[in-house]
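work_8.cif follows (mmCIF, C-alpha atoms; chains and numbers go by the auth columns):
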data_entry
#
loop_
_atom_site.group_PDB
_atom_site.id
_atom_site.type_symbol
_atom_site.label_atom_id
_atom_site.label_comp_id
_atom_site.label_asym_id
_atom_site.label_seq_id
_atom_site.Cartn_x
_atom_site.Cartn_y
_atom_site.Cartn_z
_atom_site.B_iso_or_equiv
_atom_site.auth_seq_id
_atom_site.auth_asym_id
ATOM 1 C CA ILE A 1 1.876 -0.218 13.430 0.00 299 A
ATOM 2 C CA THR A 2 -0.463 0.163 10.444 0.00 300 A
ATOM 3 C CA LYS A 3 -0.207 -3.532 9.488 0.00 301 A
ATOM 4 C CA ASN A 4 -0.425 -2.330 5.873 0.00 302 A
ATOM 5 C CA GLU A 5 2.744 -2.302 3.783 0.00 303 A
ATOM 6 C CA ASP A 6 1.460 0.170 1.191 0.00 304 A
ATOM 7 C CA ARG A 7 0.175 2.649 3.761 0.00 305 A
ATOM 8 C CA SER A 8 3.371 2.347 5.818 0.00 306 A
ATOM 9 C CA THR A 9 5.506 3.045 2.746 0.00 307 A
ATOM 10 C CA ALA A 10 3.364 6.079 1.867 0.00 308 A
ATOM 11 C CA ILE A 11 3.731 7.469 5.399 0.00 309 A
ATOM 12 C CA ALA A 12 7.499 6.847 5.410 0.00 310 A
ATOM 13 C CA ALA A 13 7.820 8.546 2.015 0.00 311 A
ATOM 14 C CA ARG A 14 5.889 11.615 3.178 0.00 312 A
ATOM 15 C CA VAL A 15 8.025 11.829 6.321 0.00 313 A
ATOM 16 C CA GLY A 16 11.168 11.528 4.183 0.00 314 A
ATOM 17 C CA GLN A 17 9.970 14.315 1.890 0.00 315 A
ATOM 18 C CA GLY A 18 9.151 16.476 4.910 0.00 316 A
ATOM 19 C CA VAL A 19 12.640 15.960 6.346 0.00 317 A
ATOM 20 C CA GLY A 20 14.077 16.788 2.926 0.00 318 A
ATOM 21 C CA VAL A 21 12.198 20.093 2.825 0.00 319 A
ATOM 22 C CA LEU A 22 13.480 20.946 6.311 0.00 320 A
ATOM 23 C CA PHE A 23 17.066 20.198 5.204 0.00 321 A
ATOM 24 C CA ILE A 24 16.678 22.494 2.193 0.00 322 A
ATOM 25 C CA ILE A 25 15.255 25.331 4.305 0.00 323 A
ATOM 26 C CA TRP A 26 17.950 24.862 6.969 0.00 324 A
ATOM 27 C CA GLY A 27 20.762 24.748 4.400 0.00 325 A
ATOM 28 C CA ILE A 28 19.601 27.925 2.640 0.00 326 A
ATOM 29 C CA PHE A 29 19.065 29.690 5.973 0.00 327 A
ATOM 30 C CA ARG A 30 22.582 28.763 7.161 0.00 328 A
ATOM 31 C CA MET A 31 24.093 29.965 3.889 0.00 329 A
ATOM 32 C CA LEU A 32 22.263 33.311 4.072 0.00 330 A
ATOM 33 C CA ALA A 33 23.283 33.646 7.726 0.00 331 A
ATOM 34 C CA GLY A 34 26.914 33.689 6.676 0.00 332 A
ATOM 35 C CA GLY A 35 27.725 29.998 6.644 0.00 333 A
ATOM 36 C CA GLY A 36 28.992 30.149 3.060 0.00 334 A
ATOM 37 C CA LEU A 37 28.297 28.003 0.025 0.00 335 A
ATOM 38 C CA GLY A 38 29.316 24.891 1.970 0.00 336 A
ATOM 39 C CA GLU A 39 25.948 24.974 3.722 0.00 337 A
ATOM 40 C CA LEU A 40 24.275 24.269 0.378 0.00 338 A
ATOM 41 C CA TRP A 41 25.357 20.648 0.864 0.00 339 A
ATOM 42 C CA ILE A 42 22.653 20.358 3.513 0.00 340 A
ATOM 43 C CA ALA A 43 20.100 21.665 1.005 0.00 341 A
ATOM 44 C CA PHE A 44 21.416 19.237 -1.612 0.00 342 A
ATOM 45 C CA ILE A 45 21.011 16.317 0.811 0.00 343 A
ATOM 46 C CA GLY A 46 17.446 17.497 1.412 0.00 344 A
ATOM 47 C CA TRP A 47 16.747 17.525 -2.311 0.00 345 A
ATOM 48 C CA PHE A 48 18.180 14.004 -2.588 0.00 346 A
ATOM 49 C CA LEU A 49 15.913 12.813 0.246 0.00 347 A
ATOM 50 C CA ILE A 50 12.847 14.265 -1.474 0.00 348 A
ATOM 51 C CA GLN A 51 13.729 12.524 -4.762 0.00 349 A
ATOM 52 C CA ALA A 52 14.489 9.187 -3.093 0.00 350 A
ATOM 53 C CA ALA A 53 11.294 9.248 -1.029 0.00 351 A
ATOM 54 C CA GLY A 54 9.227 10.127 -4.098 0.00 352 A
ATOM 55 C CA SER A 55 10.770 7.283 -6.110 0.00 353 A
ATOM 56 C CA THR A 56 10.149 4.801 -3.293 0.00 354 A
ATOM 57 C CA HIS A 57 6.517 5.874 -3.008 0.00 355 A
ATOM 58 C CA ALA A 58 5.969 5.656 -6.779 0.00 356 A
ATOM 59 C CA HIS A 59 7.534 2.185 -6.912 0.00 357 A
ATOM 60 C CA SER A 60 5.377 1.043 -4.002 0.00 358 A
ATOM 61 C CA ARG A 61 2.232 2.266 -5.753 0.00 359 A
ATOM 62 C CA MET A 62 3.194 0.415 -8.932 0.00 360 A
ATOM 63 C CA LEU A 63 3.745 -2.832 -7.017 0.00 361 A
ATOM 64 C CA ALA A 64 0.431 -2.360 -5.177 0.00 362 A
ATOM 65 C CA ALA A 65 -1.400 -1.934 -8.490 0.00 363 A
ATOM 66 C CA LEU A 66 0.056 -5.213 -9.807 0.00 364 A
ATOM 67 C CA ARG A 67 -0.340 -7.204 -6.599 0.00 365 A
ATOM 68 C CA GLY A 68 -2.425 -10.340 -7.058 0.00 366 A
ATOM 69 C CA LEU A 69 -1.750 -10.555 -10.800 0.00 367 A
ATOM 70 C CA THR A 70 0.457 -13.126 -12.510 0.00 368 A
ATOM 71 C CA VAL A 71 2.398 -12.914 -15.756 0.00 369 A
ATOM 72 C CA ARG A 72 -0.402 -14.933 -17.396 0.00 370 A
ATOM 73 C CA ASP A 73 -2.838 -12.112 -16.521 0.00 371 A
ATOM 74 C CA VAL A 74 -0.712 -9.350 -18.065 0.00 372 A
ATOM 75 C CA MET A 75 0.992 -10.967 -21.047 0.00 373 A
ATOM 76 C CA SER A 76 0.115 -10.257 -24.676 0.00 374 A
ATOM 77 C CA ARG A 77 -0.614 -13.160 -26.996 0.00 375 A
ATOM 78 C CA ASP A 78 -1.066 -11.205 -30.244 0.00 376 A
ATOM 79 C CA CYS A 79 2.563 -10.904 -31.300 0.00 377 A
ATOM 80 C CA ILE A 80 3.476 -10.727 -34.996 0.00 378 A
ATOM 81 C CA THR A 81 6.060 -13.185 -36.279 0.00 379 A
ATOM 82 C CA VAL A 82 8.313 -11.694 -38.976 0.00 380 A
ATOM 83 C CA ASP A 83 11.085 -13.252 -41.032 0.00 381 A
ATOM 84 C CA ALA A 84 14.608 -12.146 -40.056 0.00 382 A
ATOM 85 C CA ASN A 85 15.318 -11.046 -43.628 0.00 383 A
ATOM 86 C CA VAL A 86 12.462 -8.539 -43.862 0.00 384 A
ATOM 87 C CA ASN A 87 13.749 -4.961 -44.080 0.00 385 A
ATOM 88 C CA LEU A 88 13.435 -2.492 -41.209 0.00 386 A
ATOM 89 C CA GLN A 89 11.339 -0.049 -43.247 0.00 387 A
ATOM 90 C CA SER A 90 8.401 -2.426 -43.612 0.00 388 A
ATOM 91 C CA VAL A 91 8.470 -3.419 -39.924 0.00 389 A
ATOM 92 C CA ALA A 92 8.659 0.219 -38.803 0.00 390 A
ATOM 93 C CA GLU A 93 5.684 1.093 -41.037 0.00 391 A
ATOM 94 C CA THR A 94 3.672 -1.815 -39.614 0.00 392 A
ATOM 95 C CA ALA A 95 4.437 -0.697 -36.047 0.00 393 A
ATOM 96 C CA ALA A 96 3.568 2.931 -36.879 0.00 394 A
ATOM 97 C CA ARG A 97 0.093 1.919 -38.105 0.00 395 A
ATOM 98 C CA GLY A 98 -0.810 0.716 -34.612 0.00 396 A
ATOM 99 C CA GLY A 99 -2.027 -2.689 -33.534 0.00 397 A
ATOM 100 C CA PRO A 100 0.318 -5.225 -31.913 0.00 398 A
ATOM 101 C CA GLN A 101 3.657 -3.731 -30.955 0.00 399 A
ATOM 102 C CA CYS A 102 5.254 -7.082 -30.233 0.00 400 A
ATOM 103 C CA PHE A 103 7.359 -8.506 -33.065 0.00 401 A
ATOM 104 C CA LEU A 104 9.000 -11.927 -32.911 0.00 402 A
ATOM 105 C CA VAL A 105 11.775 -12.769 -35.358 0.00 403 A
ATOM 106 C CA GLU A 106 11.732 -16.069 -37.218 0.00 404 A
ATOM 107 C CA ASN A 107 14.801 -17.474 -38.951 0.00 405 A
ATOM 108 C CA GLN A 108 14.393 -20.508 -41.243 0.00 406 A
ATOM 109 C CA GLY A 109 11.141 -21.463 -39.520 0.00 407 A
ATOM 110 C CA LYS A 110 12.599 -21.204 -36.022 0.00 408 A
ATOM 111 C CA LEU A 111 11.781 -18.504 -33.475 0.00 409 A
ATOM 112 C CA ASP A 112 15.068 -16.672 -33.064 0.00 410 A
ATOM 113 C CA GLY A 113 14.517 -13.417 -31.174 0.00 411 A
ATOM 114 C CA MET A 114 12.519 -10.283 -30.521 0.00 412 A
ATOM 115 C CA VAL A 115 12.623 -6.884 -32.198 0.00 413 A
ATOM 116 C CA ASP A 116 14.297 -4.194 -30.103 0.00 414 A
ATOM 117 C CA PHE A 117 12.968 -0.945 -31.587 0.00 415 A
ATOM 118 C CA ARG A 118 15.410 1.112 -29.505 0.00 416 A
ATOM 119 C CA ALA A 119 18.144 -0.206 -31.819 0.00 417 A
ATOM 120 C CA LEU A 120 16.515 1.647 -34.738 0.00 418 A
ATOM 121 C CA ARG A 121 18.086 4.851 -33.404 0.00 419 A
ATOM 122 C CA ARG A 122 21.524 3.453 -34.202 0.00 420 A
ATOM 123 C CA ILE A 123 20.672 2.927 -37.870 0.00 421 A
ATOM 124 C CA ALA A 124 20.322 5.820 -40.336 0.00 422 A
ATOM 125 C CA ARG A 125 16.787 6.099 -41.677 0.00 423 A
ATOM 126 C CA ASP A 126 17.936 5.918 -45.304 0.00 424 A
ATOM 127 C CA GLN A 127 19.407 2.493 -44.480 0.00 425 A
ATOM 128 C CA TRP A 128 16.123 1.021 -43.218 0.00 426 A
ATOM 129 C CA PRO A 129 14.964 -0.269 -46.642 0.00 427 A
ATOM 130 C CA VAL A 130 18.186 -2.253 -47.115 0.00 428 A
ATOM 131 C CA THR A 131 18.805 -3.393 -43.528 0.00 429 A
ATOM 132 C CA PRO A 132 17.370 -6.786 -42.462 0.00 430 A
ATOM 133 C CA LEU A 133 15.347 -7.159 -39.278 0.00 431 A
ATOM 134 C CA ARG A 134 18.050 -9.297 -37.676 0.00 432 A
ATOM 135 C CA ALA A 135 20.082 -6.074 -37.254 0.00 433 A
ATOM 136 C CA ILE A 136 17.792 -4.959 -34.416 0.00 434 A
ATOM 137 C CA MET A 137 16.921 -8.414 -33.144 0.00 435 A
ATOM 138 C CA ARG A 138 17.619 -9.415 -29.580 0.00 436 A
ATOM 139 C CA PRO A 139 18.289 -13.187 -29.532 0.00 437 A
ATOM 140 C CA LEU A 140 15.949 -15.155 -27.278 0.00 438 A
ATOM 141 C CA SER A 141 18.997 -16.877 -25.782 0.00 439 A
ATOM 142 C CA ARG A 142 20.074 -13.512 -24.338 0.00 440 A
ATOM 143 C CA ILE A 143 16.682 -12.490 -22.969 0.00 441 A
ATOM 144 C CA ARG A 144 15.489 -13.531 -19.532 0.00 442 A
ATOM 145 C CA SER A 145 12.257 -15.490 -20.034 0.00 443 A
ATOM 146 C CA LEU A 146 9.326 -15.329 -17.626 0.00 444 A
ATOM 147 C CA ARG A 147 7.020 -18.049 -16.357 0.00 445 A
ATOM 148 C CA PRO A 148 3.227 -17.686 -16.705 0.00 446 A
ATOM 149 C CA ASP A 149 2.737 -18.269 -12.961 0.00 447 A
ATOM 150 C CA MET A 150 5.346 -15.658 -11.944 0.00 448 A
ATOM 151 C CA PRO A 151 3.895 -12.677 -10.017 0.00 449 A
ATOM 152 C CA ALA A 152 3.484 -9.598 -12.213 0.00 450 A
ATOM 153 C CA THR A 153 5.418 -7.575 -9.624 0.00 451 A
ATOM 154 C CA GLU A 154 8.436 -9.833 -10.158 0.00 452 A
ATOM 155 C CA ALA A 155 8.121 -9.424 -13.940 0.00 453 A
ATOM 156 C CA LEU A 156 8.191 -5.634 -13.495 0.00 454 A
ATOM 157 C CA ASP A 157 11.394 -5.910 -11.464 0.00 455 A
ATOM 158 C CA VAL A 158 13.004 -8.174 -14.102 0.00 456 A
ATOM 159 C CA LEU A 159 12.191 -5.736 -16.916 0.00 457 A
ATOM 160 C CA GLY A 160 13.625 -2.829 -14.924 0.00 458 A
ATOM 161 C CA ARG A 161 16.709 -4.643 -13.663 0.00 459 A
ATOM 162 C CA GLU A 162 17.676 -6.028 -17.073 0.00 460 A
ATOM 163 C CA ASP A 163 16.611 -2.918 -19.025 0.00 461 A
ATOM 164 C CA LEU A 164 14.103 -4.788 -21.180 0.00 462 A
ATOM 165 C CA ILE A 165 11.138 -3.276 -22.999 0.00 463 A
ATOM 166 C CA GLU A 166 9.561 -6.716 -23.183 0.00 464 A
ATOM 167 C CA ALA A 167 10.321 -10.308 -22.245 0.00 465 A
ATOM 168 C CA PRO A 168 9.054 -13.649 -23.583 0.00 466 A
ATOM 169 C CA VAL A 169 6.819 -15.888 -21.496 0.00 467 A
ATOM 170 C CA VAL A 170 7.844 -19.540 -21.841 0.00 468 A
ATOM 171 C CA GLU A 171 6.232 -22.687 -20.446 0.00 469 A
ATOM 172 C CA GLY A 172 7.264 -26.240 -21.278 0.00 470 A
ATOM 173 C CA GLY A 173 9.697 -24.940 -23.872 0.00 471 A
ATOM 174 C CA PHE A 174 6.971 -23.141 -25.833 0.00 472 A
ATOM 175 C CA LEU A 175 6.415 -19.419 -26.165 0.00 473 A
ATOM 176 C CA GLN A 176 3.124 -18.442 -24.526 0.00 474 A
ATOM 177 C CA GLY A 177 3.239 -14.690 -25.002 0.00 475 A
ATOM 178 C CA VAL A 178 5.162 -11.524 -24.174 0.00 476 A
ATOM 179 C CA VAL A 179 5.123 -9.120 -21.245 0.00 477 A
ATOM 180 C CA SER A 180 5.939 -5.505 -22.115 0.00 478 A
ATOM 181 C CA ARG A 181 6.609 -2.403 -20.047 0.00 479 A
ATOM 182 C CA GLY A 182 3.899 -0.567 -21.972 0.00 480 A
ATOM 183 C CA LYS A 183 1.256 -3.159 -21.051 0.00 481 A
ATOM 184 C CA LEU A 184 2.303 -3.102 -17.395 0.00 482 A
ATOM 185 C CA VAL A 185 2.157 0.701 -17.288 0.00 483 A
ATOM 186 C CA GLU A 186 -1.324 0.607 -18.830 0.00 484 A
ATOM 187 C CA ILE A 187 -2.531 -1.915 -16.233 0.00 485 A
ATOM 188 C CA ILE A 188 -0.972 0.083 -13.383 0.00 486 A
ATOM 189 C CA ARG A 189 -2.625 3.287 -14.624 0.00 487 A
ATOM 190 C CA ASN A 190 -6.041 1.628 -14.986 0.00 488 A
ATOM 191 C CA ARG A 191 -5.955 -0.151 -11.615 0.00 489 A
ATOM 192 C CA ALA A 192 -4.659 2.926 -9.805 0.00 490 A
ATOM 193 C CA ALA A 193 -7.664 4.877 -11.143 0.00 491 A
ATOM 194 C CA LEU A 194 -10.140 2.412 -9.645 0.00 492 A
ATOM 195 C CA PRO A 195 -11.630 3.252 -6.219 0.00 493 A
ATOM 196 C CA GLU A 196 -10.609 0.977 -3.367 0.00 494 A
ATOM 197 C CA ILE A 197 -13.105 -1.739 -2.505 0.00 495 A
ATOM 198 C CA GLY A 198 -13.755 -2.669 1.088 0.00 496 A
#

Rewrite the coordinates I just gave you, this time as structure tokens.
Amino acid sequence: ITKNEDRSTAIAARVGQGVGVLFIIWGIFRMLAGGGLGELWIAFIGWFLIQAAGSTHAHSRMLAALRGLTVRDVMSRDCITVDANVNLQSVAETAARGGPQCFLVENQGKLDGMVDFRALRRIARDQWPVTPLRAIMRPLSRIRSLRPDMPATEALDVLGREDLIEAPVVEGGFLQGVVSRGKLVEIIRNRAALPEIG
């Protein structure tokens, strides 16, 4: 009816949240009226509806903010290339100072992978000075690469579906840059803050 996907999703989400609230009220009322704790299932279903509708609406808003952009528009090109034998301590200190947060791992002159900082949690801090970077490297062969002309919305789905913080952008066999969740979130936040035009 609205001929607008974003507006339709927002309306459907609000309706879903409204129905969820009604389920919660009805479930609590039935329980207090003597229906027993079993009636709380209705309230629980209502809570689930509210959460699901909210998630759908949030996802729709994120996709709307990225619509019209390609991976080329959102990728970072200022990655740091680090040798695989460098210790974790020095890389962590470099990342903590700010600047580029994208680290590519080079092994014998060949690009071999990307740093997965989440893996640092699995390594005791006192081991960082003696642990090589390859210990937290994610091999490029195991990471889904993106194309520069791919829609940014599709890149967001790939990162979420494959639980990636970042993914390489490859064209013609050469690395062009990296797309990260952090960069996408920043773009979504900035575009969502802009007033609608037209």

Take the PyMOL selection byres ((chain A and resi 380-383) around 12), apply it to the structure above, and return the hits as JSON, numbers by chain.
{"A": [377, 378, 379, 384, 385, 386, 387, 388, 389, 390, 392, 400, 401, 402, 403, 404, 405, 406, 407, 408, 409, 410, 411, 412, 413, 427, 428, 429, 430, 431, 432, 433, 434, 435, 436, 437]}

Between CA of Arg479 in chain A and CA of Pro449 in chain A, distance in Å (one decimal)
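Atom-to-atom, CA of Arg479 in chain A to CA of Pro449 in chain A, that is 14.6 Å.
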
Gap from CA of Thr368 in chain A to CA of Glu452 in chain A - Å, one decimal:
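That distance, rounded to one decimal, is 8.9 Å.
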
Name every residue that the PyMOL selection byres ((chain A and resi 312) around 12) selects in this structure, writing the answer as a count of residues only with chains first and numbers rising.
24

Quick one: which residues end up in the PyMOL selection byres ((chain A and resi 443) around 9) for this structure, as a list in words?
Leu438, Ser439, Ile441, Arg442, Leu444, Arg445, Ala465, Pro466, Val467 and Val468 of chain A

Computed interatomic separation between CA of Gly344 in chain A and CA of Ile299 in chain A (Å)
26.5 Å

Residue contacts of Glu464 in chain A (7 Å, only C-alpha atoms) excluding same-chain residues fewer than 5 positions away, as a VMD selection string
chain A and resid 457 476 to 479
